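Report on the following structure.
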Amino acid sequence: MPIEIFRRREQKYLITLDQYTELVKQLLPHMRPDRYGADGKYTVTSLYFESPDKKIYFETKNKYKFRQKLRLRIYDDTDINGTAFFEVKQKHKKVVNKRRLRMPLAEAYDYLFEKPRMSLDEYDTSNTQVLREIDHFKQLYELSPEMVVSYDRHALHHLDDPDLRITFDLNLRCRNNDLAIEHGPFGKNFIDPNLVVLEVKVSDSVPLWLTRILQDLQCEQRSASKFCTSLELLKSEELPSGITQEPILLGGV
């Protein structure tokens, strides 16, 4: 996963397992499995960060025109000596900008928890400039580790258009009792296990052939924030007042 800085548009859907199975069948003539993982399937485990006053949750839930998140992510069964990815995900209206760096997981923990901390230039990272931006964001918002979110991902790429990517996220879980991401993907389901989060990721607009397939299968476009839904399940009593919360997606759409 060499790309470290990129921009794209995202459309999210909540679909059933039956829709997922049929959609994959209809997409395969146009798309190939992601080269990462077995047949495009792998596990994602992310450590999300939050401020003491739940600023990240507030910005996301209220759909601020500009909002951002910080997460530390690993893929499949990465251990403490494996590679992790620090990511700042920024969203302005419907455009997503992601800035990412590669870093040994142990080194990422050193950055987060070692006192006194080294100079940022001394860390073993693929992009020191992105680390500086992460550090600025972390200090400005007073961010600290909040929870772990994990899921099984099935990713597809278009055969001719490298900017068109589709991901299906299944078995979405969260936890805050064990924030060591190398311990693996486990926790409470925060979305009904019979539902799948579908994301269509494009540089410009969704092609007509794909729009028709989604319409024919009655795929419902719906916002599904993994961060907000997880936090509502784990820490509902600590959330800021004055925010209208949607029901946690358990037991159906």
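Letters A, B, ... mark the chains of the structure tokens in the order given; residue numbers begin at 1 per chain; ligand numbers begin at 1, in order shown.
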
Spatial neighbours of A:Lys12, 8 Å, only C-alpha atoms, chain gap at least 6 places, as a compact mmCIF listing (two decimals) with N, CA and C atoms, in the first residue's frame:
```
# COMPACT_ATOMS: atom_id res chain seq x y z
N VAL A 197 -21.18 -2.75 5.21
CA VAL A 197 -20.92 -1.36 4.82
C VAL A 197 -20.20 -1.38 3.48
N LEU A 198 -20.85 -0.83 2.48
CA LEU A 198 -20.29 -0.74 1.13
C LEU A 198 -19.81 0.68 0.90
N GLU A 199 -18.58 0.82 0.40
CA GLU A 199 -18.05 2.14 0.05
C GLU A 199 -17.60 2.12 -1.40
N VAL A 200 -18.07 3.09 -2.17
CA VAL A 200 -17.64 3.29 -3.55
C VAL A 200 -16.71 4.50 -3.54
N GLN A 221 -28.16 4.14 -0.29
CA GLN A 221 -27.06 5.02 0.11
C GLN A 221 -27.36 5.59 1.49
N ARG A 222 -26.42 5.39 2.40
CA ARG A 222 -26.66 5.79 3.79
C ARG A 222 -25.33 6.01 4.50
N SER A 223 -25.25 7.12 5.22
CA SER A 223 -24.05 7.40 5.99
C SER A 223 -23.92 6.38 7.11
N ALA A 224 -22.71 5.87 7.30
CA ALA A 224 -22.47 4.87 8.34
C ALA A 224 -21.08 5.12 8.93
```

Neighbours of A:Pro104 within 12 Å (only C-alpha atoms; same-chain residues fewer than 3 positions away dropped), as a VMD selection string?
chain A and resid 72 to 74 78 to 86 101 107 to 111 123 to 126 182

Give me a file of those residues, with N, CA and C atoms, as an mmCIF file, in the first residue's frame.
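Output saved as again26.cif:
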```cif
data_model
loop_
_atom_site.group_PDB
_atom_site.id
_atom_site.type_symbol
_atom_site.label_atom_id
_atom_site.label_comp_id
_atom_site.auth_asym_id
_atom_site.auth_seq_id
_atom_site.Cartn_x
_atom_site.Cartn_y
_atom_site.Cartn_z
ATOM 1 N N LEU A 72 -4.496 4.828 13.922
ATOM 2 C CA LEU A 72 -3.323 3.970 13.729
ATOM 3 C C LEU A 72 -3.852 2.613 13.310
ATOM 4 N N ARG A 73 -3.414 2.121 12.137
ATOM 5 C CA ARG A 73 -4.070 0.969 11.504
ATOM 6 C C ARG A 73 -3.069 -0.128 11.168
ATOM 7 N N ILE A 74 -3.514 -1.372 11.345
ATOM 8 C CA ILE A 74 -2.748 -2.530 10.879
ATOM 9 C C ILE A 74 -3.665 -3.430 10.062
ATOM 10 N N THR A 78 -0.829 -8.533 12.131
ATOM 11 C CA THR A 78 0.429 -7.825 12.352
ATOM 12 C C THR A 78 0.802 -7.879 13.827
ATOM 13 N N ASP A 79 2.052 -8.218 14.119
ATOM 14 C CA ASP A 79 2.486 -8.229 15.517
ATOM 15 C C ASP A 79 3.204 -6.925 15.849
ATOM 16 N N ILE A 80 3.736 -6.842 17.051
ATOM 17 C CA ILE A 80 4.344 -5.607 17.535
ATOM 18 C C ILE A 80 5.528 -5.177 16.677
ATOM 19 N N ASN A 81 6.157 -6.113 15.976
ATOM 20 C CA ASN A 81 7.307 -5.787 15.133
ATOM 21 C C ASN A 81 6.919 -5.534 13.677
ATOM 22 N N GLY A 82 5.618 -5.611 13.384
ATOM 23 C CA GLY A 82 5.163 -5.431 12.010
ATOM 24 C C GLY A 82 4.910 -3.977 11.655
ATOM 25 N N THR A 83 4.398 -3.767 10.439
ATOM 26 C CA THR A 83 4.168 -2.423 9.914
ATOM 27 C C THR A 83 2.783 -1.919 10.277
ATOM 28 N N ALA A 84 2.721 -0.668 10.713
ATOM 29 C CA ALA A 84 1.456 0.016 10.984
ATOM 30 C C ALA A 84 1.368 1.250 10.089
ATOM 31 N N PHE A 85 0.166 1.799 10.007
ATOM 32 C CA PHE A 85 -0.075 2.982 9.179
ATOM 33 C C PHE A 85 -0.762 4.037 10.032
ATOM 34 N N PHE A 86 -0.095 5.181 10.198
ATOM 35 C CA PHE A 86 -0.713 6.336 10.839
ATOM 36 C C PHE A 86 -1.438 7.122 9.760
ATOM 37 N N LEU A 101 1.295 7.476 6.637
ATOM 38 C CA LEU A 101 2.698 7.079 6.671
ATOM 39 C C LEU A 101 2.810 5.655 7.195
ATOM 40 N N GLU A 107 7.439 1.350 16.980
ATOM 41 C CA GLU A 107 7.890 2.744 16.884
ATOM 42 C C GLU A 107 6.708 3.705 17.057
ATOM 43 N N ALA A 108 5.544 3.324 16.520
ATOM 44 C CA ALA A 108 4.349 4.150 16.694
ATOM 45 C C ALA A 108 3.973 4.248 18.172
ATOM 46 N N TYR A 109 4.080 3.133 18.885
ATOM 47 C CA TYR A 109 3.799 3.165 20.322
ATOM 48 C C TYR A 109 4.822 4.027 21.060
ATOM 49 N N ASP A 110 6.084 3.972 20.624
ATOM 50 C CA ASP A 110 7.091 4.838 21.233
ATOM 51 C C ASP A 110 6.709 6.307 21.062
ATOM 52 N N TYR A 111 6.263 6.640 19.849
ATOM 53 C CA TYR A 111 5.844 8.030 19.591
ATOM 54 C C TYR A 111 4.684 8.426 20.509
ATOM 55 N N TYR A 123 12.319 9.328 14.256
ATOM 56 C CA TYR A 123 11.472 8.144 14.169
ATOM 57 C C TYR A 123 11.624 7.465 12.818
ATOM 58 N N ASP A 124 11.488 6.148 12.836
ATOM 59 C CA ASP A 124 11.583 5.336 11.630
ATOM 60 C C ASP A 124 10.234 5.369 10.921
ATOM 61 N N THR A 125 10.091 6.258 9.958
ATOM 62 C CA THR A 125 8.823 6.441 9.271
ATOM 63 C C THR A 125 9.046 6.707 7.795
ATOM 64 N N SER A 126 8.037 6.410 6.989
ATOM 65 C CA SER A 126 8.149 6.621 5.543
ATOM 66 C C SER A 126 7.968 8.072 5.150
ATOM 67 N N GLU A 182 -2.336 -4.983 18.132
ATOM 68 C CA GLU A 182 -1.688 -6.230 17.747
ATOM 69 C C GLU A 182 -2.341 -7.450 18.421
#
```

From the list A:Asp39, A:Lys235, A:Gln90, A:Asp163, which residue is nearest A:Glu59 when using only C-alpha atoms?
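Using only C-alpha atoms, the shortest distance to A:Glu59 belongs to A:Gln90.
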
When distances are computed from only C-alpha atoms, which of A:Phe6, A:Tyr57, A:Tyr75, A:Phe66 shows the smallest separation from A:Thr45?
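Checking each of A:Phe6, A:Tyr57, A:Tyr75, A:Phe66 against A:Thr45, counting only C-alpha atoms, the winner is A:Tyr75.
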
Tell me which protein, DNA and RNA residues are within 12 Å of A:Glu50, counting only C-alpha atoms, leaving out same-chain ones fewer than 6 positions away, and put them as a JSON list (two decimals) with C-alpha atoms, in the first residue's frame.
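Result file follows (selection27.json):
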```
[["chain", "number", "residue", "atom", "x", "y", "z"],
["A", 56, "ILE", "CA", -13.95, 14.43, 16.77],
["A", 57, "TYR", "CA", -17.31, 12.82, 17.50],
["A", 58, "PHE", "CA", -19.07, 16.21, 17.57],
["A", 59, "GLU", "CA", -17.61, 17.32, 14.22],
["A", 60, "THR", "CA", -18.45, 14.02, 12.53],
["A", 68, "GLN", "CA", -10.88, 15.01, 10.37],
["A", 69, "LYS", "CA", -9.86, 11.88, 12.27],
["A", 70, "LEU", "CA", -6.62, 10.28, 13.40],
["A", 71, "ARG", "CA", -6.12, 6.51, 13.45],
["A", 137, "PHE", "CA", -3.22, 17.68, 14.89],
["A", 138, "LYS", "CA", -2.72, 15.45, 17.94],
["A", 139, "GLN", "CA", -1.48, 18.34, 20.10],
["A", 140, "LEU", "CA", -4.02, 20.88, 18.82],
["A", 141, "TYR", "CA", -6.97, 18.59, 19.67],
["A", 142, "GLU", "CA", -5.27, 16.97, 22.70],
["A", 143, "LEU", "CA", -5.93, 13.58, 21.14],
["A", 144, "SER", "CA", -5.40, 10.30, 22.96],
["A", 145, "PRO", "CA", -6.28, 6.66, 22.12],
["A", 146, "GLU", "CA", -10.02, 6.10, 22.47],
["A", 147, "MET", "CA", -11.09, 2.75, 21.01],
["A", 148, "VAL", "CA", -10.27, -0.04, 18.56],
["A", 227, "PHE", "CA", -16.27, 6.05, 14.56],
["A", 228, "CYS", "CA", -19.55, 7.59, 15.75],
["A", 231, "LEU", "CA", -18.47, 5.52, 20.34],
["A", 235, "LYS", "CA", -19.46, 5.53, 25.72],
["A", 239, "LEU", "CA", -21.10, 12.05, 24.71]]
```

Best match for closeness to A:Gly40 among A:Asp53, A:Asp169, A:Glu87, A:Glu4, counting only C-alpha atoms:
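For A:Gly40, the nearest of the candidates is A:Asp169.
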
Option closest in space to A:His30, from A:Arg132, A:Leu210, A:Leu17, A:Leu179 [counting only C-alpha atoms]:
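That would be A:Leu210, the residue with the smallest distance to A:His30.
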
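Shell of A:Lys201 at 12 Å, with only C-alpha atoms counted and residues fewer than 5 places along the chain excluded, is Phe6, Arg7, Arg8, Arg9, Glu10, Gln11, Lys12, Tyr13, Lys94, Val95, Val96, Asn97, Ala155, Leu156, His157, His158, Asp161, Pro162, Asp163, Leu164, Arg165, Ile166, Thr167, Phe168, Val206, Pro207 and Leu210 of chain A.
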
Would you mind writing down, as a ChimeraX atom specification, each residue of stretch 172-203 of chain A that DSSP on the backbone assigns to strand (DSSP E)?
/A:172-175,188-189,195-202

Print the selection's residues with N, CA and C atoms to a file, as a short mmCIF file (atom, residue, chain, number, x, y, z; two decimals), in the first residue's frame.
```cif
data_model
loop_
_atom_site.label_atom_id
_atom_site.label_comp_id
_atom_site.auth_asym_id
_atom_site.auth_seq_id
_atom_site.Cartn_x
_atom_site.Cartn_y
_atom_site.Cartn_z
N LEU A 172 -18.31 -5.93 11.77
CA LEU A 172 -17.73 -4.71 12.34
C LEU A 172 -17.82 -4.75 13.86
N ARG A 173 -16.65 -4.59 14.50
CA ARG A 173 -16.55 -4.72 15.94
C ARG A 173 -15.78 -3.54 16.54
N CYS A 174 -16.03 -3.29 17.82
CA CYS A 174 -15.32 -2.21 18.52
C CYS A 174 -15.06 -2.63 19.96
N ARG A 175 -14.06 -2.00 20.57
CA ARG A 175 -13.74 -2.27 21.97
C ARG A 175 -12.96 -1.08 22.54
N LYS A 188 -17.24 -5.85 20.47
CA LYS A 188 -18.69 -5.90 20.32
C LYS A 188 -19.07 -5.50 18.89
N ASN A 189 -20.04 -6.21 18.33
CA ASN A 189 -20.56 -5.80 17.03
C ASN A 189 -21.34 -4.49 17.18
N LEU A 195 -25.54 -7.11 8.10
CA LEU A 195 -25.40 -5.95 7.24
C LEU A 195 -23.95 -5.76 6.86
N VAL A 196 -23.75 -5.11 5.72
CA VAL A 196 -22.42 -4.85 5.17
C VAL A 196 -22.31 -3.37 4.84
N VAL A 197 -21.18 -2.75 5.21
CA VAL A 197 -20.92 -1.36 4.82
C VAL A 197 -20.20 -1.38 3.48
N LEU A 198 -20.85 -0.83 2.48
CA LEU A 198 -20.29 -0.74 1.13
C LEU A 198 -19.81 0.68 0.90
N GLU A 199 -18.58 0.82 0.40
CA GLU A 199 -18.05 2.14 0.05
C GLU A 199 -17.60 2.12 -1.40
N VAL A 200 -18.07 3.09 -2.17
CA VAL A 200 -17.64 3.29 -3.55
C VAL A 200 -16.71 4.50 -3.54
N LYS A 201 -15.47 4.30 -3.99
CA LYS A 201 -14.45 5.34 -3.90
C LYS A 201 -13.99 5.69 -5.31
N VAL A 202 -14.15 6.96 -5.68
CA VAL A 202 -13.84 7.41 -7.03
C VAL A 202 -13.12 8.75 -6.96
#
```

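If you look at atom CA of A:Arg153 and atom CA of A:Arg102, they are 19.8 Å away from each other.
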
Out of stretch 11-222 of chain A, which residues get alpha helix (DSSP H) from DSSP, as a VMD selection string?
chain A and resid 17 to 27 55 to 61 105 to 113 128 to 141 208 to 216

Generate a file of the selected residues that holds C-alpha atoms, formatted as a CSV table (one decimal), in the first residue's frame.
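Saved the output as out_27.csv:
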```csv
chain,number,residue,atom,x,y,z
A,17,LEU,CA,-25.4,-10.1,2.9
A,18,ASP,CA,-27.6,-11.3,0.1
A,19,GLN,CA,-27.1,-8.0,-1.7
A,20,TYR,CA,-23.4,-8.2,-1.1
A,21,THR,CA,-23.2,-11.7,-2.7
A,22,GLU,CA,-25.1,-10.7,-5.8
A,23,LEU,CA,-23.3,-7.4,-6.1
A,24,VAL,CA,-19.9,-9.1,-6.1
A,25,LYS,CA,-21.2,-11.5,-8.8
A,26,GLN,CA,-22.2,-8.6,-11.0
A,27,LEU,CA,-19.1,-6.5,-10.4
A,55,LYS,CA,-14.5,17.1,19.5
A,56,ILE,CA,-13.9,14.4,16.8
A,57,TYR,CA,-17.3,12.8,17.5
A,58,PHE,CA,-19.1,16.2,17.6
A,59,GLU,CA,-17.6,17.3,14.2
A,60,THR,CA,-18.5,14.0,12.5
A,61,LYS,CA,-21.9,13.6,14.0
A,105,LEU,CA,4.0,-0.6,15.2
A,106,ALA,CA,6.5,-0.6,18.1
A,107,GLU,CA,7.9,2.7,16.9
A,108,ALA,CA,4.3,4.1,16.7
A,109,TYR,CA,3.8,3.2,20.3
A,110,ASP,CA,7.1,4.8,21.2
A,111,TYR,CA,5.8,8.0,19.6
A,112,LEU,CA,2.5,7.8,21.5
A,113,PHE,CA,3.7,6.8,24.9
A,128,THR,CA,8.4,12.6,8.4
A,129,GLN,CA,6.4,15.6,7.0
A,130,VAL,CA,3.1,13.6,7.5
A,131,LEU,CA,4.3,12.7,11.0
A,132,ARG,CA,4.7,16.4,11.7
A,133,GLU,CA,1.2,17.1,10.6
A,134,ILE,CA,-0.1,14.2,12.7
A,135,ASP,CA,1.8,15.6,15.7
A,136,HIS,CA,0.3,19.0,15.2
A,137,PHE,CA,-3.2,17.7,14.9
A,138,LYS,CA,-2.7,15.5,17.9
A,139,GLN,CA,-1.5,18.3,20.1
A,140,LEU,CA,-4.0,20.9,18.8
A,141,TYR,CA,-7.0,18.6,19.7
A,208,LEU,CA,-23.2,4.9,-15.1
A,209,TRP,CA,-22.8,1.1,-15.3
A,210,LEU,CA,-22.1,0.9,-11.6
A,211,THR,CA,-24.9,3.3,-10.7
A,212,ARG,CA,-27.4,1.0,-12.6
A,213,ILE,CA,-26.2,-2.1,-10.9
A,214,LEU,CA,-26.6,-0.4,-7.4
A,215,GLN,CA,-30.0,0.8,-8.4
A,216,ASP,CA,-31.1,-2.6,-9.8
```

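Here atom CA of A:Met103 is placed at a distance of 25.8 Å from atom CA of A:Ser225.
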
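Of the listed residues A:Asp204, A:Asp152, A:Glu232, A:Glu220, the one whose atoms come nearest to A:Phe190 is A:Glu232, with distances taken using only C-alpha atoms.
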
A:Lys226, A:Arg99, A:Lys63, A:His92: which is nearest A:Tyr151, counting only C-alpha atoms?
A:Lys226

Point-to-point distance in Å for atom CA of A:Lys98 and atom CA of A:Tyr64
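One can read the atom CA of A:Tyr64 to atom CA of A:Lys98 distance as 17.1 Å.
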